[in-house]
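Visitor: Pasting final38.csv below, which is CSV, C-alpha atoms.
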chain,number,residue,atom,x,y,z
A,1,MET,CA,22.6,-19.3,-20.2
A,2,ARG,CA,19.7,-18.7,-17.8
A,3,LYS,CA,15.9,-18.5,-18.4
A,4,VAL,CA,14.1,-15.5,-17.0
A,5,GLU,CA,10.4,-14.6,-17.0
A,6,ILE,CA,9.4,-11.3,-18.5
A,7,LYS,CA,6.2,-9.6,-19.6
A,8,ASP,CA,5.6,-8.7,-23.2
A,9,SER,CA,3.8,-5.5,-24.3
A,10,ASN,CA,0.4,-7.2,-23.7
A,11,GLY,CA,1.4,-8.2,-20.1
A,12,LYS,CA,1.7,-11.8,-21.0
A,13,LYS,CA,4.5,-13.7,-19.2
A,14,THR,CA,7.1,-15.4,-21.3
A,15,PHE,CA,10.5,-17.1,-20.7
A,16,VAL,CA,13.6,-16.0,-22.5
A,17,GLU,CA,17.2,-17.2,-22.3
A,18,VAL,CA,19.8,-14.6,-21.3
A,19,SER,CA,23.5,-14.6,-20.6
A,20,GLU,CA,24.9,-14.9,-17.1
A,21,GLU,CA,25.9,-11.2,-17.2
A,22,VAL,CA,22.4,-10.1,-18.2
A,23,TYR,CA,20.9,-12.4,-15.5
A,24,ALA,CA,23.2,-10.8,-12.9
A,25,VAL,CA,22.0,-7.3,-13.9
A,26,LEU,CA,18.4,-8.4,-13.7
A,27,GLN,CA,19.0,-9.9,-10.2
A,28,GLU,CA,20.7,-6.7,-9.0
A,29,GLU,CA,17.7,-4.6,-10.3
A,30,SER,CA,15.3,-6.9,-8.4
A,31,LYS,CA,17.3,-6.4,-5.2
A,32,GLU,CA,17.4,-2.6,-5.7
A,33,LYS,CA,13.6,-2.6,-6.1
A,34,GLU,CA,13.3,-4.5,-2.8
A,35,ARG,CA,15.6,-2.1,-1.1
A,36,GLN,CA,13.5,0.8,-2.3
A,37,ARG,CA,10.3,-0.8,-1.0
A,38,ASN,CA,12.0,-1.4,2.4
A,39,GLU,CA,13.0,2.3,2.4
A,40,LYS,CA,9.4,3.3,1.7
A,41,ARG,CA,8.3,1.1,4.6
A,42,ARG,CA,10.7,2.7,7.0
A,43,HIS,CA,9.4,6.1,5.9
A,44,PHE,CA,5.8,5.1,6.5
A,45,ASP,CA,6.4,3.5,9.9
A,46,THR,CA,7.6,6.7,11.5
A,47,ARG,CA,4.4,8.6,10.8
A,48,GLU,CA,1.0,8.8,12.5
A,49,LEU,CA,-2.1,7.9,10.4
A,50,SER,CA,-3.2,11.6,10.4
A,51,ASP,CA,0.1,12.4,8.6
A,52,TYR,CA,-0.8,10.0,5.8
A,53,ILE,CA,-4.2,11.5,5.0
A,54,ILE,CA,-3.9,14.2,2.4
A,55,HIS,CA,-6.3,16.9,3.0
A,56,GLN,CA,-7.4,18.0,-0.4
A,57,LYS,CA,-9.9,20.8,-1.2
A,58,ARG,CA,-12.8,19.2,-2.9
A,59,VAL,CA,-14.8,21.1,-5.5
A,60,ALA,CA,-18.4,20.8,-4.3
A,61,GLU,CA,-21.5,22.0,-6.1
A,62,ASN,CA,-22.4,24.0,-3.0
A,63,LEU,CA,-21.3,24.8,0.5
A,64,GLU,CA,-23.7,22.2,2.0
A,65,ASP,CA,-22.0,19.3,0.0
A,66,TYR,CA,-18.6,20.5,1.0
A,67,CYS,CA,-19.6,20.5,4.7
A,68,ILE,CA,-21.2,17.1,4.5
A,69,ASN,CA,-18.0,15.7,2.9
A,70,ARG,CA,-15.8,17.2,5.6
A,71,GLU,CA,-18.0,15.8,8.3
A,72,GLN,CA,-17.8,12.3,6.7
A,73,LEU,CA,-14.0,12.6,6.6
A,74,LYS,CA,-13.9,13.5,10.3
A,75,GLU,CA,-16.1,10.6,11.2
A,76,ILE,CA,-13.9,8.2,9.2
A,77,GLN,CA,-10.8,9.6,10.9
A,78,LYS,CA,-12.4,9.2,14.3
A,79,VAL,CA,-13.3,5.5,13.6
A,80,VAL,CA,-9.9,4.7,12.1
A,81,GLY,CA,-8.3,6.4,15.1
A,82,THR,CA,-9.9,3.8,17.5
A,83,CYS,CA,-7.9,1.1,15.7
A,84,THR,CA,-4.4,0.0,16.6
A,85,LYS,CA,-1.4,1.6,14.9
A,86,THR,CA,-0.7,-1.6,13.0
A,87,GLN,CA,-4.3,-1.8,11.7
A,88,GLN,CA,-4.2,1.9,10.7
A,89,ARG,CA,-0.9,1.5,8.9
A,90,ARG,CA,-2.0,-1.7,7.0
A,91,PHE,CA,-5.4,-0.1,6.1
A,92,TYR,CA,-3.6,3.0,4.8
A,93,LEU,CA,-1.1,1.0,2.8
A,94,ASN,CA,-3.9,-1.2,1.3
A,95,ARG,CA,-6.7,1.2,0.7
A,96,ILE,CA,-4.9,4.5,0.1
A,97,CYS,CA,-1.6,3.5,-1.4
A,98,GLY,CA,-2.8,0.4,-3.2
A,99,TYR,CA,-0.4,-2.2,-1.8
A,100,SER,CA,-1.7,-5.7,-2.0
A,101,TYR,CA,-2.0,-7.8,1.2
A,102,THR,CA,1.0,-9.9,0.0
A,103,GLU,CA,3.1,-6.8,-0.5
A,104,ILE,CA,2.3,-5.5,2.9
A,105,ALA,CA,3.0,-8.8,4.5
A,106,ARG,CA,6.4,-8.9,2.8
A,107,ILE,CA,7.2,-5.3,3.8
A,108,GLU,CA,6.2,-5.9,7.5
A,109,GLY,CA,7.7,-9.4,7.7
A,110,CYS,CA,4.4,-11.0,8.8
A,111,ASN,CA,1.9,-13.4,7.3
A,112,LEU,CA,-0.8,-12.6,4.7
A,113,ILE,CA,-3.7,-13.6,7.0
A,114,SER,CA,-2.8,-11.1,9.7
A,115,VAL,CA,-2.6,-8.3,7.2
A,116,ARG,CA,-6.0,-9.2,5.7
A,117,GLU,CA,-7.6,-9.4,9.2
A,118,SER,CA,-6.2,-6.0,10.1
A,119,VAL,CA,-7.6,-4.3,7.1
A,120,LEU,CA,-11.0,-6.1,7.4
A,121,THR,CA,-11.2,-5.2,11.0
A,122,VAL,CA,-10.9,-1.5,10.1
A,123,LEU,CA,-13.5,-1.9,7.3
A,124,LYS,CA,-15.9,-3.6,9.7
A,125,LYS,CA,-15.6,-0.7,12.1
A,126,LEU,CA,-16.2,1.8,9.3
A,127,LYS,CA,-19.4,0.0,8.2
A,128,LYS,CA,-21.0,0.2,11.6
How would this structure read if it were set down as structure tokens?
Guide:
Amino acid sequence: MRKVEIKDSNGKKTFVEVSEEVYAVLQEESKEKERQRNEKRRHFDTRELSDYIIHQKRVAENLEDYCINREQLKEIQKVVGTCTKTQQRRFYLNRICGYSYTEIARIEGCNLISVRESVLTVLKKLKK
């Protein structure tokens, strides 16, 4: 028998005992999730930042608001374009896709601090 940590319906973590067979299935599932994450990473790495940004038509109250929004998006793209490809990718994964710094570090095989610094560098440039 092995103990594994699971979340109940409220999200609270608890430990339960499972058989060796069930444990092996859970381990294989965990490995499969990691393989899928790695596949996602390989997919992201081959694109440029401009390919990541989804251009959506925004419903504006009037044409002036729409034009202002488009100009702001162009400015953001211009600033982010001055960053390194690594900074752009990490910024996109964190701010657009919602990956945590830890997840990005695991995907890229680097440390957490370098990921955080990359994202914060882009944010500082955007705030200027």
Visitor: Name the residues in contact with Ala24 in chain A at a cut-off of 12 Å, using all atoms listed in the file, excluding same-chain residues fewer than 4 positions from it; report them as a list of chain:residue names.
Guide: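 Neighbouring residues, sequence-local ones excluded: A:Met1, A:Arg2, A:Lys3, A:Val4, A:Val18, A:Ser19, A:Glu20, A:Glu28, A:Glu29, A:Ser30, A:Lys31.
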Visitor: Pick the closest to Lys78 in chain A from A:Val22, A:Glu5, A:Lys125, A:Lys40: which is it, counting only C-alpha atoms?
Guide: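 With only C-alpha atoms as the atom set, the closest residue is A:Lys125.
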Visitor: Give me, please, the distance in Å between CA of Phe91 in chain A and CA of Leu123 in chain A, quoted to one decimal.
Guide: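 Calculated distance between CA of Phe91 in chain A and CA of Leu123 in chain A is 8.4 Å.
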Visitor: Find the residue from A:Glu17, A:Glu108, A:Glu117, A:Val122 that sits nearest to Gln77 in chain A; use only C-alpha atoms when measuring.
Guide: A:Val122
Visitor: Do you know which residues are at most 9 Å from Val119 in chain A counting all atoms listed in the file, after dropping those on the same chain fewer than 3 positions away, and could you put them as a ChimeraX atom specification?
Guide: /A:87-88,90-92,94-95,101,114-116,122-124
